[in-house]
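One structure is given here, and the rest of the page talks about it.
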Amino acid sequence: MDSARSWFTKLQTREKSIGKKKELPPNGKEGTDEAPSSATKQRVAAAKQYIEKHYKEQMKNLQDRKERRCSLEKKLADANVSEEEQHNIVKQFEKKETEYMRMQRHKMSVDDFDLLTMIGKGAFGEVRVCREKNTGNVYAMKKLRKSEMLRRGQVEHVKAERNLLAEVDHHCIVKLYCSFQDSEYLYLIMEYLPGGDMMTLLMRKDTLTEDEARFYVGETVLAIEAIHRHNYIHRDIKPDNLLLDRHGHLRLSDFGLCKPLDYSNFPDLNEKDVTSTKPQSTNGDGRQQSMPKRTQQEQLEHWQKNRRTLAYSTVGTPDYIAPEVLLKKGYGMECDWWSLGAIMYEMLVGYPPFYSDEPMTTCRKIVNWRTHLKFPEEARLMTDAKDLISKLLCNVDQRLGTKGAEEIKEHSWFSGVEWDKLYEIEAAYQPQVTDELDTQNFEKFEESSDNIQCSAKAGPWRKMLSSKDLNFVGYTYKNFELVNDPEVLGMAELKKKEKAKRPSAKSLFDSSPDAEEQPAPAPAPAPAENDEGSTRSTEPDMPRSLSAPST
Ligand SMILES: Nc1ncnc2c1ncn2[C@@H]1O[C@H](COP(=O)(O)OP(=O)(O)OP(=O)(O)O)[C@@H](O)[C@H]1O
């Protein structure tokens, strides 16, 4: 710490001299003592930021430690355990605190982990199951290439993801244990959720039953509500970002790495451009002809065939993005409720509501949703379900959720759902998970020889402040939970005592009558001219978007 302090003093002195007006020699000409270059100034600023952050963290760590101790003592007092048990738990707790302090001093790197099976591939990197060498703990490691983040202007987004995960400690949100970097990559060490993602589940099952859909749409409502409470907007909620834990409960992930930015290169969309969205194909002579309408089954098969390619393409799938986001007119939290509507539709129908072979056609259909939102009769959706979807896939002003998540929770499709018990009951789907390293609920990914990487060794921080790395100062983070394992703390017993017996998912829902065949409810009335969205997300004190600010 002392060496850091003396660095700080040196830097302050250096900074002052940078700010000072240079005195010229009597001949009025500049000597060889040149002013520091802008690169040097930038480095000094980054170093200053690093040191200030370091001290702030030290203070916060002390405060957090005090709070953890208080909270443990309070829990113990409430839990009615013997004095001896209390003593043992507190002793274990202090041991963990010491380990945590040791871990804080340790500079984490990819070498601390054994990299195992690849479970995800995204536009910026990959996700792998990994095991920490020291502790044997299993995590998911998301690795992102810095140069790619810079190239696509995603630096702020990746910081937003790190910030949200570190800030929002909620059972609906995937838990972040730590983040670190080396010269080439950023790393997020997260809890490993072995139940797979909703995209894989939907591809394996085609559709969900109404009860299953209600359960997962319900848990997604709670997850979205949690991030909105922290003033974040996700903007890219899709089935690939809904992960399942080993018991089948849902967690929201992937904050901030939004591909939709790439749609800015698409020609400007126009709500009135309805004619261009008619399904068309080209004859041998180049003339366009209308394509025959696909049945629900054909459309489903088509979607399934294209789904993964779309997910792993650099542009991604636009299927769940709200029209106001695509129209670049500014957006608020409501855009996440639109995505919820599109996901609910896919769960019940088998493919998303505006699916088309071409992403650009999908975008056009989304902005012209009034013409294109249809419920295939074969899907036999219940009236309530159609009504809720129509109230989510509609204009911002009419959209449910605009006045808060309660509006959605109160919809009749959810009648009987006990919201505060949803995460305590047995999940509607039980994934098969044999052990902590089981990856059967994920697709298999081909390993290329350079995939299992040797680490680009992280040098001392000063070395890391190359011009590229200045963008990522402050990315490193460690969560107390990394060592705060309740099993080790002996808190598991306490937790068991606290937990009531879990009722099943079904018992929370009203018994539902058979699906009736009904026409799709009329889409919400046409909006006033310029009501597609506000610029709220860009105003001060307004929700922080995890993705690109609207233009
Ligand atoms: N914590 C986790 N536990 C289990 N699987 C995970 C975890 N995080 C991510 N995955 C898997 O990896 C996939 C990709 O992850 P994620 O979407 O976070 O990466 P990405 O590079 O940001 O992708 P995208 O291109 O969709 O933005 C997920 O769909 C999921 O299957």
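Just so we're on the same page: first chain in the structure tokens is A, next is B, and so on; residues restart at 1 for each chain, and ligands are numbered from 1 in the order they show up.
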
Ligand 1 neighbours within 7 Å using only C-alpha atoms and all ligand atoms, as a PDB file with N, CA and C atoms, in the first residue's frame:
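The result, stored in pocket-v9.pdb:
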```pdb
ATOM      1  N   ILE A 119     -19.508 -23.943 -23.630  1.00  0.00           N
ATOM      2  CA  ILE A 119     -20.971 -24.063 -23.591  1.00  0.00           C
ATOM      3  C   ILE A 119     -21.667 -22.930 -24.345  1.00  0.00           C
ATOM      4  N   GLY A 120     -20.909 -21.936 -24.763  1.00  0.00           N
ATOM      5  CA  GLY A 120     -21.540 -20.830 -25.484  1.00  0.00           C
ATOM      6  C   GLY A 120     -20.547 -20.103 -26.350  1.00  0.00           C
ATOM      7  N   LYS A 121     -21.075 -19.565 -27.425  1.00  0.00           N
ATOM      8  CA  LYS A 121     -20.224 -18.794 -28.318  1.00  0.00           C
ATOM      9  C   LYS A 121     -21.008 -17.534 -28.651  1.00  0.00           C
ATOM     10  N   GLY A 122     -20.367 -16.388 -28.540  1.00  0.00           N
ATOM     11  CA  GLY A 122     -21.076 -15.158 -28.878  1.00  0.00           C
ATOM     12  C   GLY A 122     -20.267 -14.380 -29.897  1.00  0.00           C
ATOM     13  N   ALA A 123     -20.748 -13.187 -30.189  1.00  0.00           N
ATOM     14  CA  ALA A 123     -20.078 -12.377 -31.193  1.00  0.00           C
ATOM     15  C   ALA A 123     -18.696 -11.935 -30.720  1.00  0.00           C
ATOM     16  N   PHE A 124     -18.505 -11.883 -29.400  1.00  0.00           N
ATOM     17  CA  PHE A 124     -17.263 -11.304 -28.880  1.00  0.00           C
ATOM     18  C   PHE A 124     -16.329 -12.309 -28.238  1.00  0.00           C
ATOM     19  N   GLY A 125     -16.781 -13.516 -28.066  1.00  0.00           N
ATOM     20  CA  GLY A 125     -15.926 -14.482 -27.383  1.00  0.00           C
ATOM     21  C   GLY A 125     -16.655 -15.781 -27.124  1.00  0.00           C
ATOM     22  N   GLU A 126     -16.352 -16.381 -25.997  1.00  0.00           N
ATOM     23  CA  GLU A 126     -16.925 -17.697 -25.715  1.00  0.00           C
ATOM     24  C   GLU A 126     -17.230 -17.821 -24.229  1.00  0.00           C
ATOM     25  N   VAL A 127     -18.032 -18.844 -23.903  1.00  0.00           N
ATOM     26  CA  VAL A 127     -18.326 -19.147 -22.506  1.00  0.00           C
ATOM     27  C   VAL A 127     -17.929 -20.602 -22.258  1.00  0.00           C
ATOM     28  N   ALA A 140     -18.729 -20.581 -14.594  1.00  0.00           N
ATOM     29  CA  ALA A 140     -18.778 -20.345 -16.044  1.00  0.00           C
ATOM     30  C   ALA A 140     -17.871 -19.154 -16.311  1.00  0.00           C
ATOM     31  N   LYS A 142     -16.778 -16.317 -18.979  1.00  0.00           N
ATOM     32  CA  LYS A 142     -17.067 -15.644 -20.242  1.00  0.00           C
ATOM     33  C   LYS A 142     -15.837 -14.839 -20.616  1.00  0.00           C
ATOM     34  N   VAL A 174     -27.974 -13.710 -12.954  1.00  0.00           N
ATOM     35  CA  VAL A 174     -26.807 -14.591 -12.834  1.00  0.00           C
ATOM     36  C   VAL A 174     -25.745 -13.921 -11.953  1.00  0.00           C
ATOM     37  N   MET A 190     -18.591 -16.348 -13.585  1.00  0.00           N
ATOM     38  CA  MET A 190     -19.977 -16.326 -13.106  1.00  0.00           C
ATOM     39  C   MET A 190     -20.353 -17.680 -12.526  1.00  0.00           C
ATOM     40  N   GLU A 191     -21.470 -17.735 -11.828  1.00  0.00           N
ATOM     41  CA  GLU A 191     -21.957 -19.046 -11.397  1.00  0.00           C
ATOM     42  C   GLU A 191     -22.294 -19.840 -12.657  1.00  0.00           C
ATOM     43  N   TYR A 192     -22.038 -21.130 -12.614  1.00  0.00           N
ATOM     44  CA  TYR A 192     -22.376 -21.981 -13.760  1.00  0.00           C
ATOM     45  C   TYR A 192     -23.811 -22.482 -13.581  1.00  0.00           C
ATOM     46  N   LEU A 193     -24.639 -22.199 -14.590  1.00  0.00           N
ATOM     47  CA  LEU A 193     -26.045 -22.630 -14.532  1.00  0.00           C
ATOM     48  C   LEU A 193     -26.207 -23.833 -15.469  1.00  0.00           C
ATOM     49  N   PRO A 194     -26.234 -25.032 -14.909  1.00  0.00           N
ATOM     50  CA  PRO A 194     -26.147 -26.235 -15.744  1.00  0.00           C
ATOM     51  C   PRO A 194     -27.452 -26.628 -16.434  1.00  0.00           C
ATOM     52  N   GLY A 196     -28.961 -25.162 -18.770  1.00  0.00           N
ATOM     53  CA  GLY A 196     -29.030 -24.753 -20.182  1.00  0.00           C
ATOM     54  C   GLY A 196     -29.732 -23.422 -20.337  1.00  0.00           C
ATOM     55  N   ASP A 197     -29.939 -23.008 -21.588  1.00  0.00           N
ATOM     56  CA  ASP A 197     -30.654 -21.751 -21.806  1.00  0.00           C
ATOM     57  C   ASP A 197     -32.008 -22.021 -22.465  1.00  0.00           C
ATOM     58  N   ASP A 240     -31.895 -16.922 -25.535  1.00  0.00           N
ATOM     59  CA  ASP A 240     -30.496 -17.311 -25.277  1.00  0.00           C
ATOM     60  C   ASP A 240     -29.970 -16.702 -23.976  1.00  0.00           C
ATOM     61  N   ASN A 241     -30.610 -15.608 -23.527  1.00  0.00           N
ATOM     62  CA  ASN A 241     -30.130 -14.932 -22.315  1.00  0.00           C
ATOM     63  C   ASN A 241     -30.905 -15.338 -21.065  1.00  0.00           C
ATOM     64  N   LEU A 243     -31.241 -18.202 -18.612  1.00  0.00           N
ATOM     65  CA  LEU A 243     -30.530 -19.427 -18.237  1.00  0.00           C
ATOM     66  C   LEU A 243     -31.280 -20.147 -17.124  1.00  0.00           C
ATOM     67  N   SER A 253     -29.241 -13.205 -17.991  1.00  0.00           N
ATOM     68  CA  SER A 253     -27.797 -12.969 -18.150  1.00  0.00           C
ATOM     69  C   SER A 253     -27.532 -12.080 -19.360  1.00  0.00           C
ATOM     70  N   ASP A 254     -26.269 -11.959 -19.705  1.00  0.00           N
ATOM     71  CA  ASP A 254     -25.797 -11.244 -20.885  1.00  0.00           C
ATOM     72  C   ASP A 254     -26.253  -9.789 -20.910  1.00  0.00           C
ATOM     73  N   LEU A 257     -23.828  -6.610 -23.938  1.00  0.00           N
ATOM     74  CA  LEU A 257     -23.130  -6.888 -25.196  1.00  0.00           C
ATOM     75  C   LEU A 257     -24.149  -7.004 -26.300  1.00  0.00           C
ATOM     76  N   CYS A 258     -24.587  -5.871 -26.743  1.00  0.00           N
ATOM     77  CA  CYS A 258     -25.739  -5.939 -27.635  1.00  0.00           C
ATOM     78  C   CYS A 258     -25.358  -5.865 -29.089  1.00  0.00           C
ATOM     79  N   LYS A 259     -25.731  -6.907 -29.783  1.00  0.00           N
ATOM     80  CA  LYS A 259     -25.496  -6.906 -31.218  1.00  0.00           C
ATOM     81  C   LYS A 259     -26.374  -5.903 -31.970  1.00  0.00           C
ATOM     82  N   ALA A 311     -28.302 -16.977 -34.159  1.00  0.00           N
ATOM     83  CA  ALA A 311     -27.812 -16.629 -32.824  1.00  0.00           C
ATOM     84  C   ALA A 311     -26.314 -16.383 -32.842  1.00  0.00           C
ATOM     85  N   TYR A 312     -25.561 -17.161 -33.623  1.00  0.00           N
ATOM     86  CA  TYR A 312     -24.109 -17.033 -33.607  1.00  0.00           C
ATOM     87  C   TYR A 312     -23.578 -16.095 -34.688  1.00  0.00           C
ATOM     88  N   GLY A 316     -26.705 -11.234 -35.129  1.00  0.00           N
ATOM     89  CA  GLY A 316     -27.655 -11.749 -34.148  1.00  0.00           C
ATOM     90  C   GLY A 316     -29.061 -11.717 -34.686  1.00  0.00           C
ATOM     91  N   PHE A 442     -26.477 -28.164 -22.934  1.00  0.00           N
ATOM     92  CA  PHE A 442     -25.952 -27.174 -23.878  1.00  0.00           C
ATOM     93  C   PHE A 442     -25.606 -27.858 -25.193  1.00  0.00           C
TER      94      PHE A 442
END
```

Long-range neighbours of Val138 of chain A as a list in words, 12 Å cut-off, only C-alpha atoms, 2 positions minimum in chain
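Skipping anything fewer than 2 positions along the chain leaves Asp112, Phe113, Asp114, Leu115, Leu116, Thr117, Arg128, Val129, Cys130, Arg131, Glu132, Lys133, Asn134, Thr135, Gly136, Ala140, Met141, Tyr177, Ile189, Met190, Glu191, Tyr192, Leu193, Pro194, Asp435, Glu436, Leu437, Asp438 and Leu482 of chain A.
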
For each of A:Asn163, A:Thr98, A:Gln86, A:Ser356, take the minimum atom-to-atom distance to His230 of chain A, counting only C-alpha atoms, then give the residue where this is smallest.
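Under the stated criterion, the closest residue is A:Asn163.
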
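Taking only C-alpha atoms into account, Arg69 of chain A lies nearest to A:Val90 out of the set A:Val90, A:Val217, A:Leu242, A:Ile51.
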
Kindly provide the residues of segment 174-266 of chain A that approach segment 365-383 of chain A to within 12 Å, each paired with its closest atom pair and their distance in Å to one decimal, based on only C-alpha atoms, listed by chain and increasing number, as a tab-separated table.
```
residue	atom	partner	partner_atom	distance
A:Asp206	CA	A:Ala379	CA	11.5
A:Thr207	CA	A:Ala379	CA	9.5
A:Leu208	CA	A:Ala379	CA	11.1
A:Thr209	CA	A:Leu381	CA	10.2
A:Glu210	CA	A:Leu381	CA	8.6
A:Asp211	CA	A:Met382	CA	11.8
A:Ala213	CA	A:Leu381	CA	11.7
```

To one decimal place in Å, what is the distance between atom CA of Ser71 of chain A and atom CA of His249 of chain A?
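These atoms are spaced 26.7 Å apart.
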
Nearest to Glu225 of chain A, restricted to only C-alpha atoms and choosing among A:Leu348, A:Val168, A:Val110, A:Ala427, comes out as A:Val168

note - atom CA of Glu84 of chain A and atom CA of Glu97 of chain A are separated by 20.0 Å
